[in-house]
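The structure appears below as C-alpha cells.
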Number of protein chains: 2
Amino acid sequence: MPRRIDVDQRREELAAAVWNVVRERGVGALSVRTVAAEAGLAVGSLRHVFPTRSELVVFSAELMIRRATARIDAVPRTGDLERDALALVSQVLPLAPDSRAELEVNLALIAEAPAVPELIPVRDRATRELADFCRSIAAVLLAESAGRGGPEIDADRAGRRLHALVDGLSLHLLADPAGADPEWALEILRDELAGLSARS
Amino acid sequence: MPRRIDVDQRREELAAAVWNVVRERGVGALSVRTVAAEAGLAVGSLRHVFPTRSELVVFSAELMIRRATARIDAVPRTGDLERDALALVSQVLPLAPDSRAELEVNLALIAEAPAVPELIPVRDRATRELADFCRSIAAVLLAESAGRGGPEIDADRAGRRLHALVDGLSLHLLADPAGADPEWALEILRDELAGLSARS
DNA sequence: AGGAAACTAGCACGGCTGTGCTAGTTTGGC
DNA sequence: GCCAAACTAGCACAGCCGTGCTAGTTTCCT
C-alpha cells in the first residue's frame, strides 16, 4: 500500500476535499476528520502531509488564489481592449460552477481568518492583487481613450471603483440561485468599461 | 436574585454579547457558553430566554438589521436630494465603529448560514431590503433630473449598480485598518450619485 | 541483505460543543 | 401565608475537535 506518493498532488487532492466540505456543509464542518474522510484517507495520512489544521487551510486558500490567477492569465487577447477587459473581469465573477465555488470558499475562509490568523496575509494579498488587476485594466482603457476630449478621469479612482463594482456584483451573483441569468451584471460591467474606454 | 426580568431587554443584552464575541474572537468562538460568559450569565439562564443556539443567533442577526434600518430612518432630510442620498447610503458603510462592527458581524453570520439554515431567509431579506433601498434612491435622483436631456437611464439598473458599489466599497473599507481615511470611497459614491442626479 | 526513510493507520487525551434535565431560589397573585 | 410560576444555576451526556504518539507496512538506497 504505502507507495511513494507525489506530495504536491496529494496536497491538491486534500485542498479539493477542503473545498468540497466547505461548499457542501459550510465552513463550520471543516475539520481534519471531515476532510480526511472526504479525501478517502485516514487522519494520520492527512497529518503526514499537513501536520496541523492551519497548514491545511492556508494551503487550500493559496491554491485557490493560484488557480484563479492562472485562469486569468490563460484568457486569450483579441486586441479589442474593451472586449478583452470584460473577458478578464468576468473570470473573477461567479459565473461558471468553478469560479462560483471559488468565491463561496473564499468568503468562508475570510470568515475563518479570526480563528486562523495565518489566513490574514493570504486574504490581504488576494485583495491587493485583485485591486492591482482592476487598476491596470482601468489604466489601459483610460490610456487608449486619452485626449478624446472627455473629462480627465483619475486612473486610480477608476480602478478602485471597478474593484468595488466587481466585488459587489460577485456578492449579488452568488446570492442569486446558481442557474439565474447573470446578464444584468454583465450589462453593468459593460457600461462601466465603456465609460472608461470611450469617455461617453 | 431572580427578580422579574424584562425578557426583551435580556434578549438584547445577549445579542450584544453575541456581537462582542464574534468581533473579538471570530464566529468560530460563538457558543452558548462563550456568549453566556460574555453577558455574565449562566448557560441555564441564557437558555431560559433562548432555548437553542439557533434562536440566539437568528435573533441577534435580526436585531442587527432592525438597528441598521432604524439608523437609516433617523437620518434628517435637508431637501437637497443628492446630499441626502449620500447621507443615507453612508449609514450602510462601515464608517463609524457601530456600523463597522455591524458589517463584521453580518459577514460572519452569512458564513454561518450553512450551519444555521434559519439564517438564510434572514440574510435574503436583508439583501433584498438593501437592494430596494438603493433602487429607490436611484429612482428619486433620476426622477428629479428627468428631461434634462441626458441619456435615458434605467432606474432598475442604476439601483443594482448602486447596490453593488455600496457592498463592494463596504468590503474594501472593512479591509482597511479601522482608522484609515474613507474619503476615497465617499468620493466614488459622490461621483455615482452626481451622475444619477445631473446626468453629467 | 538490511537499515533508514516514507507512508498509513489509529488510539488516547483534554477540551470544547449543544442540550436534556433537575434542583434551588425568589417573586407575584390569591 | 402559600403555591405556582419565573428565574438562576449547574450537572451529565454524547459527540466532535486538534493533536501527540506509537506501531505496522512498504519502498528505496547502499
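Identifiers in this document derive from the order of the C-alpha cells: chains are assigned A, B, ..., residues are numbered from 1 separately in each chain, and ligands are numbered from 1 in order of occurrence.
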
Closest atom pairs, chain C residues within 10 Å of range 13-29 of chain D, only C-alpha atoms (C1' of nucleotides), as JSON lines:
```
{"residue": "C:DG3", "atom": "C1'", "partner": "D:DC29", "partner_atom": "C1'", "distance": 9.6}
{"residue": "C:DA4", "atom": "C1'", "partner": "D:DC29", "partner_atom": "C1'", "distance": 8.7}
{"residue": "C:DA5", "atom": "C1'", "partner": "D:DC28", "partner_atom": "C1'", "distance": 8.2}
{"residue": "C:DA6", "atom": "C1'", "partner": "D:DT27", "partner_atom": "C1'", "distance": 7.5}
{"residue": "C:DC7", "atom": "C1'", "partner": "D:DT26", "partner_atom": "C1'", "distance": 7.9}
{"residue": "C:DT8", "atom": "C1'", "partner": "D:DT25", "partner_atom": "C1'", "distance": 7.7}
{"residue": "C:DA9", "atom": "C1'", "partner": "D:DG24", "partner_atom": "C1'", "distance": 8.1}
{"residue": "C:DG10", "atom": "C1'", "partner": "D:DA23", "partner_atom": "C1'", "distance": 9.4}
{"residue": "C:DC11", "atom": "C1'", "partner": "D:DT22", "partner_atom": "C1'", "distance": 8.7}
{"residue": "C:DA12", "atom": "C1'", "partner": "D:DC21", "partner_atom": "C1'", "distance": 8.8}
{"residue": "C:DC13", "atom": "C1'", "partner": "D:DG20", "partner_atom": "C1'", "distance": 8.7}
{"residue": "C:DG15", "atom": "C1'", "partner": "D:DC17", "partner_atom": "C1'", "distance": 8.2}
{"residue": "C:DC16", "atom": "C1'", "partner": "D:DC17", "partner_atom": "C1'", "distance": 7.3}
{"residue": "C:DT17", "atom": "C1'", "partner": "D:DC16", "partner_atom": "C1'", "distance": 7.3}
{"residue": "C:DG18", "atom": "C1'", "partner": "D:DG15", "partner_atom": "C1'", "distance": 9.6}
{"residue": "C:DT19", "atom": "C1'", "partner": "D:DC13", "partner_atom": "C1'", "distance": 9.3}
{"residue": "C:DG20", "atom": "C1'", "partner": "D:DC13", "partner_atom": "C1'", "distance": 8.8}
```

Just write the chosen residues, N, CA and C atoms (P, O5', C5', C4', C3', O3' and C1' of nucleotides), as a tab-separated table (two decimals), in the first residue's frame.
```tsv
chain	number	residue	atom	x	y	z
C	3	DG	P	20.15	-4.22	10.02
C	3	DG	O5'	20.24	-2.65	10.25
C	3	DG	C5'	21.24	-1.90	9.57
C	3	DG	C4'	20.63	-0.69	8.90
C	3	DG	C3'	19.62	0.09	9.78
C	3	DG	O3'	19.89	1.46	9.63
C	3	DG	C1'	18.66	-0.42	7.70
C	4	DA	P	19.41	2.46	10.75
C	4	DA	O5'	18.97	3.72	9.87
C	4	DA	C5'	19.72	4.05	8.69
C	4	DA	C4'	18.80	4.75	7.70
C	4	DA	C3'	17.82	5.73	8.35
C	4	DA	O3'	17.77	6.90	7.54
C	4	DA	C1'	16.63	4.16	7.05
C	5	DA	P	17.18	8.25	8.11
C	5	DA	O5'	16.02	8.57	7.07
C	5	DA	C5'	16.23	8.30	5.69
C	5	DA	C4'	14.90	8.00	5.03
C	5	DA	C3'	13.75	8.93	5.44
C	5	DA	O3'	13.25	9.54	4.27
C	5	DA	C1'	13.06	6.66	5.45
C	6	DA	P	12.14	10.62	4.28
C	6	DA	O5'	10.87	9.83	3.75
C	6	DA	C5'	10.96	9.17	2.49
C	6	DA	C4'	9.68	8.40	2.22
C	6	DA	C3'	8.40	9.22	2.46
C	6	DA	O3'	7.52	8.95	1.38
C	6	DA	C1'	8.32	7.23	3.72
C	7	DC	P	6.28	9.93	1.10
C	7	DC	O5'	5.10	9.11	1.77
C	7	DC	C5'	4.85	7.78	1.31
C	7	DC	C4'	4.00	7.03	2.32
C	7	DC	C3'	2.75	7.75	2.84
C	7	DC	O3'	1.64	7.25	2.09
C	7	DC	C1'	3.81	6.32	4.46
C	8	DT	P	0.15	7.71	2.45
C	8	DT	O5'	-0.28	6.61	3.52
C	8	DT	C5'	-0.29	5.25	3.14
C	8	DT	C4'	-0.79	4.40	4.29
C	8	DT	C3'	-2.16	4.82	4.84
C	8	DT	O3'	-3.00	3.69	4.87
C	8	DT	C1'	-0.57	4.61	6.60
C	9	DA	P	-4.56	3.85	5.16
C	9	DA	O5'	-4.57	3.61	6.72
C	9	DA	C5'	-3.93	2.46	7.24
C	9	DA	C4'	-3.94	2.53	8.75
C	9	DA	C3'	-5.22	3.14	9.34
C	9	DA	O3'	-5.96	2.06	9.91
C	9	DA	C1'	-3.24	3.86	10.48
C	10	DG	P	-7.44	2.30	10.45
C	10	DG	O5'	-7.20	2.66	11.98
C	10	DG	C5'	-6.36	1.84	12.76
C	10	DG	C4'	-6.01	2.54	14.05
C	10	DG	C3'	-7.20	3.26	14.72
C	10	DG	O3'	-7.16	2.98	16.10
C	10	DG	C1'	-5.36	4.67	14.61
C	11	DC	P	-8.51	2.60	16.87
C	11	DC	O5'	-8.00	2.49	18.36
C	11	DC	C5'	-6.72	1.92	18.62
C	11	DC	C4'	-5.95	2.75	19.62
C	11	DC	C3'	-6.82	3.34	20.75
C	11	DC	O3'	-6.17	3.09	21.98
C	11	DC	C1'	-5.53	5.05	19.76
C	12	DA	P	-6.96	3.33	23.35
C	12	DA	O5'	-6.45	4.79	23.77
C	12	DA	C5'	-5.06	5.05	23.76
C	12	DA	C4'	-4.80	6.43	24.36
C	12	DA	C3'	-5.86	6.87	25.38
C	12	DA	O3'	-5.20	7.58	26.41
C	12	DA	C1'	-5.81	8.40	23.58
C	13	DC	P	-5.97	7.90	27.78
C	13	DC	O5'	-5.80	9.47	27.87
C	13	DC	C5'	-4.52	10.05	27.59
C	13	DC	C4'	-4.73	11.52	27.27
C	13	DC	C3'	-5.80	12.17	28.12
C	13	DC	O3'	-5.20	13.14	28.97
C	13	DC	C1'	-6.04	12.75	25.82
C	15	DG	P	-7.76	20.19	29.97
C	15	DG	O5'	-8.69	20.82	28.83
C	15	DG	C5'	-8.09	21.19	27.59
C	15	DG	C4'	-9.17	21.45	26.57
C	15	DG	C3'	-10.40	22.17	27.14
C	15	DG	O3'	-10.69	23.29	26.34
C	15	DG	C1'	-11.05	20.31	25.86
C	16	DC	P	-11.55	24.46	26.98
C	16	DC	O5'	-12.80	24.57	25.98
C	16	DC	C5'	-12.56	24.76	24.59
C	16	DC	C4'	-13.67	24.11	23.81
C	16	DC	C3'	-15.07	24.57	24.23
C	16	DC	O3'	-15.56	25.56	23.31
C	16	DC	C1'	-14.94	22.22	23.76
C	17	DT	P	-17.02	26.16	23.58
C	17	DT	O5'	-18.03	25.11	22.95
C	17	DT	C5'	-17.93	24.80	21.55
C	17	DT	C4'	-19.00	23.78	21.16
C	17	DT	C3'	-20.37	24.03	21.76
C	17	DT	O3'	-21.06	24.96	20.93
C	17	DT	C1'	-19.79	21.70	21.88
C	18	DG	P	-22.40	25.62	21.53
C	18	DG	O5'	-23.47	24.43	21.43
C	18	DG	C5'	-23.85	23.95	20.16
C	18	DG	C4'	-24.97	22.94	20.29
C	18	DG	C3'	-26.24	23.48	20.95
C	18	DG	O3'	-27.37	22.85	20.34
C	18	DG	C1'	-25.32	21.78	22.33
C	19	DT	P	-28.83	23.39	20.67
C	19	DT	O5'	-29.23	22.37	21.82
C	19	DT	C5'	-29.24	20.99	21.54
C	19	DT	C4'	-29.45	20.20	22.82
C	19	DT	C3'	-30.67	20.64	23.66
C	19	DT	O3'	-31.45	19.48	23.89
C	19	DT	C1'	-28.79	20.33	25.02
C	20	DG	P	-33.00	19.60	24.17
C	20	DG	O5'	-33.22	18.46	25.27
C	20	DG	C5'	-32.63	17.17	25.06
C	20	DG	C4'	-32.55	16.45	26.40
C	20	DG	C3'	-33.77	16.65	27.30
C	20	DG	O3'	-34.13	15.40	27.89
C	20	DG	C1'	-31.82	17.40	28.43
```

Taking only C-alpha atoms into account, produce a table as CSV in which each residue of chain A with an atom at most 6 Å from an atom of chain B appears once, together with its shortest atom pair and the distance in Å to one decimal, ordered by chain and rising number.
```
residue,atom,partner,partner_atom,distance
A:Gly26,CA,B:Pro114,CA,5.0
A:Ala108,CA,B:Ala111,CA,5.7
A:Ala111,CA,B:Ala108,CA,5.7
A:Pro114,CA,B:Gly26,CA,5.0
A:Ala164,CA,B:Gly168,CA,4.0
A:Leu165,CA,B:Leu165,CA,5.0
A:Asp167,CA,B:Gly168,CA,5.1
A:Gly168,CA,B:Ala164,CA,4.0
A:Leu169,CA,B:Ala164,CA,5.2
```

Any chance you could export the current selection's C-alpha atoms as a CSV table (one decimal), in the first residue's frame?
```
chain,number,residue,atom,x,y,z
A,26,GLY,CA,-20.2,25.1,5.5
A,108,ALA,CA,-15.9,31.2,4.1
A,111,ALA,CA,-14.7,34.4,7.9
A,114,PRO,CA,-10.0,35.3,13.1
A,164,ALA,CA,-15.8,47.8,-5.8
A,165,LEU,CA,-18.2,47.1,-8.6
A,167,ASP,CA,-16.8,42.6,-5.7
A,168,GLY,CA,-20.3,43.9,-5.2
A,169,LEU,CA,-21.6,42.2,-8.3
```

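The interatomic distance for the pair CA of Asn106 in chain B and CA of Ala17 in chain B works out to 14.6 Å.
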
Could you list, with a cut-off of 8 Å and counting only C-alpha atoms (C1' of nucleotides), the residues of chain D near chain B, each shown with its nearest atom pair and the distance in Å rounded to one decimal, rows sorted by chain and ascending number, as a tab-separated table?
```
residue	atom	partner	partner_atom	distance
D:DA6	C1'	B:Arg4	CA	7.0
D:DC7	C1'	B:Pro2	CA	5.1
D:DT8	C1'	B:Ser45	CA	5.8
D:DA9	C1'	B:Gly44	CA	6.3
D:DG10	C1'	B:Gly44	CA	7.5
```

Check the DSSP output for the backbone and give back, as a compact mmCIF listing (two decimals) with N, CA and C atoms, in the first residue's frame, the residues of range 4-138 of chain A in helix (DSSP H, G or I).
```
# COMPACT_ATOMS: atom_id res chain seq x y z
N VAL A 7 3.76 14.23 -3.22
CA VAL A 7 3.27 15.06 -2.13
C VAL A 7 2.42 16.22 -2.64
N ASP A 8 2.90 16.88 -3.71
CA ASP A 8 2.16 18.03 -4.21
C ASP A 8 0.77 17.62 -4.69
N GLN A 9 0.73 16.49 -5.39
CA GLN A 9 -0.58 16.03 -5.87
C GLN A 9 -1.49 15.70 -4.69
N ARG A 10 -0.93 15.04 -3.70
CA ARG A 10 -1.71 14.71 -2.50
C ARG A 10 -2.24 15.97 -1.84
N ARG A 11 -1.39 16.99 -1.79
CA ARG A 11 -1.81 18.27 -1.21
C ARG A 11 -3.00 18.84 -1.99
N GLU A 12 -2.92 18.77 -3.31
CA GLU A 12 -4.01 19.34 -4.11
C GLU A 12 -5.29 18.55 -3.94
N GLU A 13 -5.16 17.23 -3.83
CA GLU A 13 -6.35 16.42 -3.58
C GLU A 13 -7.02 16.82 -2.27
N LEU A 14 -6.18 17.04 -1.27
CA LEU A 14 -6.73 17.42 0.03
C LEU A 14 -7.36 18.81 -0.02
N ALA A 15 -6.73 19.72 -0.76
CA ALA A 15 -7.32 21.05 -0.91
C ALA A 15 -8.69 20.94 -1.57
N ALA A 16 -8.79 20.08 -2.58
CA ALA A 16 -10.08 19.87 -3.24
C ALA A 16 -11.11 19.33 -2.24
N ALA A 17 -10.65 18.45 -1.38
CA ALA A 17 -11.56 17.92 -0.35
C ALA A 17 -12.02 19.04 0.59
N VAL A 18 -11.10 19.94 0.91
CA VAL A 18 -11.47 21.09 1.74
C VAL A 18 -12.59 21.88 1.07
N TRP A 19 -12.40 22.19 -0.21
CA TRP A 19 -13.42 22.97 -0.92
C TRP A 19 -14.77 22.27 -0.91
N ASN A 20 -14.74 20.96 -1.16
CA ASN A 20 -16.00 20.22 -1.18
C ASN A 20 -16.71 20.32 0.17
N VAL A 21 -15.96 20.10 1.23
CA VAL A 21 -16.57 20.14 2.55
C VAL A 21 -17.17 21.52 2.82
N VAL A 22 -16.41 22.57 2.50
CA VAL A 22 -16.88 23.92 2.77
C VAL A 22 -18.15 24.21 1.97
N ARG A 23 -18.15 23.80 0.71
CA ARG A 23 -19.31 24.12 -0.12
C ARG A 23 -20.55 23.34 0.30
N GLU A 24 -20.34 22.09 0.70
CA GLU A 24 -21.49 21.24 0.97
C GLU A 24 -22.00 21.36 2.39
N ARG A 25 -21.09 21.62 3.33
CA ARG A 25 -21.53 21.61 4.71
C ARG A 25 -21.14 22.86 5.49
N VAL A 27 -18.35 26.18 6.39
CA VAL A 27 -17.00 26.26 6.92
C VAL A 27 -16.94 25.69 8.34
N GLY A 28 -18.08 25.67 9.00
CA GLY A 28 -18.11 25.12 10.36
C GLY A 28 -17.82 23.63 10.40
N ALA A 29 -18.02 22.95 9.27
CA ALA A 29 -17.80 21.50 9.23
C ALA A 29 -16.38 21.16 8.80
N VAL A 32 -10.08 18.32 10.36
CA VAL A 32 -9.16 17.34 9.77
C VAL A 32 -9.88 16.02 9.53
N ARG A 33 -10.83 15.68 10.38
CA ARG A 33 -11.54 14.42 10.20
C ARG A 33 -12.44 14.44 8.97
N THR A 34 -13.24 15.50 8.83
CA THR A 34 -14.15 15.55 7.68
C THR A 34 -13.38 15.62 6.37
N VAL A 35 -12.29 16.37 6.36
CA VAL A 35 -11.51 16.49 5.13
C VAL A 35 -10.86 15.16 4.77
N ALA A 36 -10.29 14.49 5.77
CA ALA A 36 -9.66 13.20 5.52
C ALA A 36 -10.70 12.22 4.96
N ALA A 37 -11.87 12.19 5.57
CA ALA A 37 -12.92 11.28 5.11
C ALA A 37 -13.32 11.62 3.68
N GLU A 38 -13.48 12.92 3.39
CA GLU A 38 -13.86 13.36 2.05
C GLU A 38 -12.82 12.92 1.02
N ALA A 39 -11.55 12.91 1.43
CA ALA A 39 -10.48 12.53 0.51
C ALA A 39 -10.23 11.03 0.53
N VAL A 43 -6.91 10.09 9.07
CA VAL A 43 -6.44 11.36 9.60
C VAL A 43 -4.92 11.38 9.70
N GLY A 44 -4.35 10.27 10.10
CA GLY A 44 -2.89 10.18 10.21
C GLY A 44 -2.20 10.48 8.89
N SER A 45 -2.77 9.98 7.79
CA SER A 45 -2.16 10.23 6.48
C SER A 45 -2.23 11.70 6.11
N LEU A 46 -3.39 12.30 6.41
CA LEU A 46 -3.52 13.73 6.14
C LEU A 46 -2.46 14.49 6.94
N ARG A 47 -2.29 14.11 8.17
CA ARG A 47 -1.38 14.85 9.02
C ARG A 47 0.08 14.57 8.67
N HIS A 48 0.32 13.53 7.89
CA HIS A 48 1.67 13.31 7.40
C HIS A 48 2.04 14.39 6.39
N VAL A 49 1.04 14.90 5.69
CA VAL A 49 1.26 15.91 4.65
C VAL A 49 1.02 17.32 5.20
N ARG A 53 -3.90 21.66 11.27
CA ARG A 53 -5.07 22.11 10.55
C ARG A 53 -4.81 23.43 9.83
N SER A 54 -4.10 24.33 10.50
CA SER A 54 -3.82 25.63 9.89
C SER A 54 -3.13 25.48 8.54
N GLU A 55 -2.13 24.61 8.49
CA GLU A 55 -1.41 24.45 7.24
C GLU A 55 -2.33 23.96 6.14
N LEU A 56 -3.22 23.07 6.48
CA LEU A 56 -4.19 22.57 5.51
C LEU A 56 -5.04 23.71 4.96
N VAL A 57 -5.55 24.52 5.87
CA VAL A 57 -6.45 25.60 5.46
C VAL A 57 -5.71 26.65 4.64
N VAL A 58 -4.54 27.04 5.11
CA VAL A 58 -3.78 28.07 4.40
C VAL A 58 -3.40 27.59 3.00
N PHE A 59 -2.93 26.36 2.91
CA PHE A 59 -2.57 25.84 1.58
C PHE A 59 -3.78 25.85 0.65
N SER A 60 -4.91 25.43 1.15
CA SER A 60 -6.11 25.39 0.32
C SER A 60 -6.48 26.78 -0.18
N ALA A 61 -6.36 27.76 0.69
CA ALA A 61 -6.68 29.13 0.28
C ALA A 61 -5.70 29.62 -0.79
N GLU A 62 -4.42 29.34 -0.56
CA GLU A 62 -3.42 29.82 -1.51
C GLU A 62 -3.55 29.13 -2.87
N LEU A 63 -3.85 27.86 -2.84
CA LEU A 63 -4.02 27.15 -4.10
C LEU A 63 -5.19 27.72 -4.89
N MET A 64 -6.24 28.08 -4.16
CA MET A 64 -7.41 28.67 -4.82
C MET A 64 -7.03 29.95 -5.53
N ILE A 65 -6.22 30.77 -4.87
CA ILE A 65 -5.79 32.03 -5.48
C ILE A 65 -4.92 31.75 -6.72
N ARG A 66 -4.03 30.77 -6.59
CA ARG A 66 -3.17 30.44 -7.74
C ARG A 66 -4.01 30.00 -8.93
N ARG A 67 -5.04 29.20 -8.66
CA ARG A 67 -5.90 28.73 -9.74
C ARG A 67 -6.58 29.89 -10.45
N ALA A 68 -7.10 30.84 -9.66
CA ALA A 68 -7.80 31.98 -10.25
C ALA A 68 -6.83 32.81 -11.10
N THR A 69 -5.65 33.03 -10.56
CA THR A 69 -4.65 33.79 -11.30
C THR A 69 -4.31 33.11 -12.62
N ALA A 70 -4.12 31.81 -12.56
CA ALA A 70 -3.80 31.06 -13.77
C ALA A 70 -4.93 31.18 -14.80
N ARG A 71 -6.17 31.12 -14.31
CA ARG A 71 -7.30 31.20 -15.23
C ARG A 71 -7.33 32.55 -15.94
N ILE A 72 -7.00 33.60 -15.19
CA ILE A 72 -6.97 34.93 -15.79
C ILE A 72 -5.85 35.03 -16.82
N ASP A 73 -4.68 34.49 -16.45
CA ASP A 73 -3.54 34.57 -17.39
C ASP A 73 -3.82 33.81 -18.67
N LEU A 81 -9.58 46.11 -26.80
CA LEU A 81 -9.30 46.32 -25.37
C LEU A 81 -10.54 46.19 -24.50
N GLU A 82 -11.62 46.80 -24.97
CA GLU A 82 -12.82 46.80 -24.14
C GLU A 82 -13.36 45.38 -24.00
N ARG A 83 -13.36 44.66 -25.10
CA ARG A 83 -13.83 43.27 -25.08
C ARG A 83 -12.96 42.41 -24.17
N ASP A 84 -11.64 42.57 -24.34
CA ASP A 84 -10.71 41.80 -23.51
C ASP A 84 -10.90 42.12 -22.03
N ALA A 85 -11.10 43.39 -21.74
CA ALA A 85 -11.27 43.78 -20.33
C ALA A 85 -12.46 43.05 -19.72
N LEU A 86 -13.56 42.99 -20.47
CA LEU A 86 -14.74 42.30 -19.94
C LEU A 86 -14.46 40.81 -19.74
N ALA A 87 -13.76 40.22 -20.70
CA ALA A 87 -13.44 38.80 -20.58
C ALA A 87 -12.57 38.54 -19.35
N LEU A 88 -11.64 39.43 -19.11
CA LEU A 88 -10.75 39.26 -17.96
C LEU A 88 -11.52 39.40 -16.64
N VAL A 89 -12.27 40.48 -16.56
CA VAL A 89 -13.00 40.73 -15.33
C VAL A 89 -14.01 39.62 -15.06
N SER A 90 -14.58 39.08 -16.13
CA SER A 90 -15.58 38.02 -15.97
C SER A 90 -15.01 36.79 -15.28
N PRO A 97 -19.53 27.20 -12.62
CA PRO A 97 -19.53 26.46 -11.34
C PRO A 97 -18.18 26.56 -10.62
N ASP A 98 -17.10 26.49 -11.40
CA ASP A 98 -15.77 26.59 -10.81
C ASP A 98 -15.57 27.88 -10.02
N SER A 99 -15.79 29.00 -10.73
CA SER A 99 -15.49 30.28 -10.08
C SER A 99 -16.54 30.57 -9.00
N ARG A 100 -17.72 29.99 -9.16
CA ARG A 100 -18.73 30.15 -8.12
C ARG A 100 -18.29 29.47 -6.82
N ALA A 101 -17.84 28.24 -6.96
CA ALA A 101 -17.32 27.52 -5.80
C ALA A 101 -16.16 28.28 -5.19
N GLU A 102 -15.33 28.82 -6.07
CA GLU A 102 -14.17 29.57 -5.61
C GLU A 102 -14.57 30.71 -4.69
N LEU A 103 -15.56 31.46 -5.12
CA LEU A 103 -15.98 32.61 -4.31
C LEU A 103 -16.61 32.15 -2.99
N GLU A 104 -17.41 31.10 -3.06
CA GLU A 104 -18.00 30.57 -1.82
C GLU A 104 -16.93 30.22 -0.81
N VAL A 105 -15.94 29.47 -1.28
CA VAL A 105 -14.86 29.07 -0.38
C VAL A 105 -14.08 30.28 0.09
N ASN A 106 -13.86 31.20 -0.81
CA ASN A 106 -13.12 32.41 -0.46
C ASN A 106 -13.79 33.15 0.69
N LEU A 107 -15.10 33.36 0.58
CA LEU A 107 -15.83 34.04 1.63
C LEU A 107 -15.73 33.29 2.95
N ALA A 108 -15.90 31.98 2.87
CA ALA A 108 -15.87 31.17 4.08
C ALA A 108 -14.51 31.28 4.76
N LEU A 109 -13.46 31.26 3.95
CA LEU A 109 -12.12 31.31 4.53
C LEU A 109 -11.82 32.69 5.12
N ILE A 110 -12.38 33.73 4.50
CA ILE A 110 -12.24 35.05 5.08
C ILE A 110 -12.87 35.08 6.47
N ALA A 111 -14.03 34.47 6.58
CA ALA A 111 -14.72 34.44 7.86
C ALA A 111 -13.94 33.61 8.88
N GLU A 112 -13.13 32.68 8.39
CA GLU A 112 -12.34 31.82 9.27
C GLU A 112 -11.08 32.53 9.76
N LEU A 119 -4.29 33.16 7.92
CA LEU A 119 -5.09 33.44 6.72
C LEU A 119 -5.11 34.93 6.40
N ILE A 120 -4.84 35.76 7.38
CA ILE A 120 -4.98 37.20 7.17
C ILE A 120 -4.05 37.70 6.06
N PRO A 121 -2.75 37.40 6.10
CA PRO A 121 -1.91 37.85 4.99
C PRO A 121 -2.35 37.28 3.65
N VAL A 122 -2.84 36.05 3.65
CA VAL A 122 -3.32 35.45 2.40
C VAL A 122 -4.48 36.27 1.86
N ARG A 123 -5.41 36.57 2.73
CA ARG A 123 -6.57 37.36 2.31
C ARG A 123 -6.15 38.73 1.81
N ASP A 124 -5.23 39.36 2.54
CA ASP A 124 -4.80 40.71 2.15
C ASP A 124 -4.09 40.70 0.80
N ARG A 125 -3.28 39.68 0.59
CA ARG A 125 -2.58 39.61 -0.69
C ARG A 125 -3.57 39.43 -1.84
N ALA A 126 -4.56 38.57 -1.64
CA ALA A 126 -5.56 38.35 -2.68
C ALA A 126 -6.30 39.65 -2.99
N THR A 127 -6.66 40.38 -1.95
CA THR A 127 -7.36 41.65 -2.14
C THR A 127 -6.51 42.62 -2.94
N ARG A 128 -5.24 42.71 -2.55
CA ARG A 128 -4.35 43.65 -3.22
C ARG A 128 -4.16 43.27 -4.69
N GLU A 129 -4.01 41.98 -4.94
CA GLU A 129 -3.81 41.55 -6.33
C GLU A 129 -5.02 41.88 -7.20
N LEU A 130 -6.21 41.68 -6.64
CA LEU A 130 -7.41 42.00 -7.41
C LEU A 130 -7.50 43.50 -7.64
N ALA A 131 -7.12 44.27 -6.61
CA ALA A 131 -7.14 45.73 -6.75
C ALA A 131 -6.18 46.17 -7.86
N ASP A 132 -4.97 45.61 -7.85
CA ASP A 132 -4.00 45.96 -8.89
C ASP A 132 -4.52 45.57 -10.26
N PHE A 133 -5.11 44.41 -10.33
CA PHE A 133 -5.68 43.92 -11.58
C PHE A 133 -6.72 44.91 -12.12
N CYS A 134 -7.61 45.34 -11.27
CA CYS A 134 -8.65 46.29 -11.69
C CYS A 134 -8.03 47.63 -12.09
N ARG A 135 -7.06 48.07 -11.31
CA ARG A 135 -6.44 49.35 -11.61
C ARG A 135 -5.75 49.31 -12.96
N SER A 136 -5.08 48.19 -13.27
CA SER A 136 -4.35 48.14 -14.54
C SER A 136 -5.33 48.09 -15.70
N ILE A 137 -6.44 47.40 -15.53
CA ILE A 137 -7.44 47.39 -16.60
C ILE A 137 -7.97 48.79 -16.84
N ALA A 138 -8.28 49.49 -15.75
CA ALA A 138 -8.79 50.85 -15.89
C ALA A 138 -7.75 51.73 -16.56
```

Report the distance between CA of Leu196 in chain A and CA of Asp156 in chain A in Å, rounded to one decimal place.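 These two atoms are separated by 12.1 Å.
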
Interatomic distance (Å, one decimal) between CA of Gly195 in chain A and CA of Arg77 in chain A: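 These atoms are spaced 20.4 Å apart.
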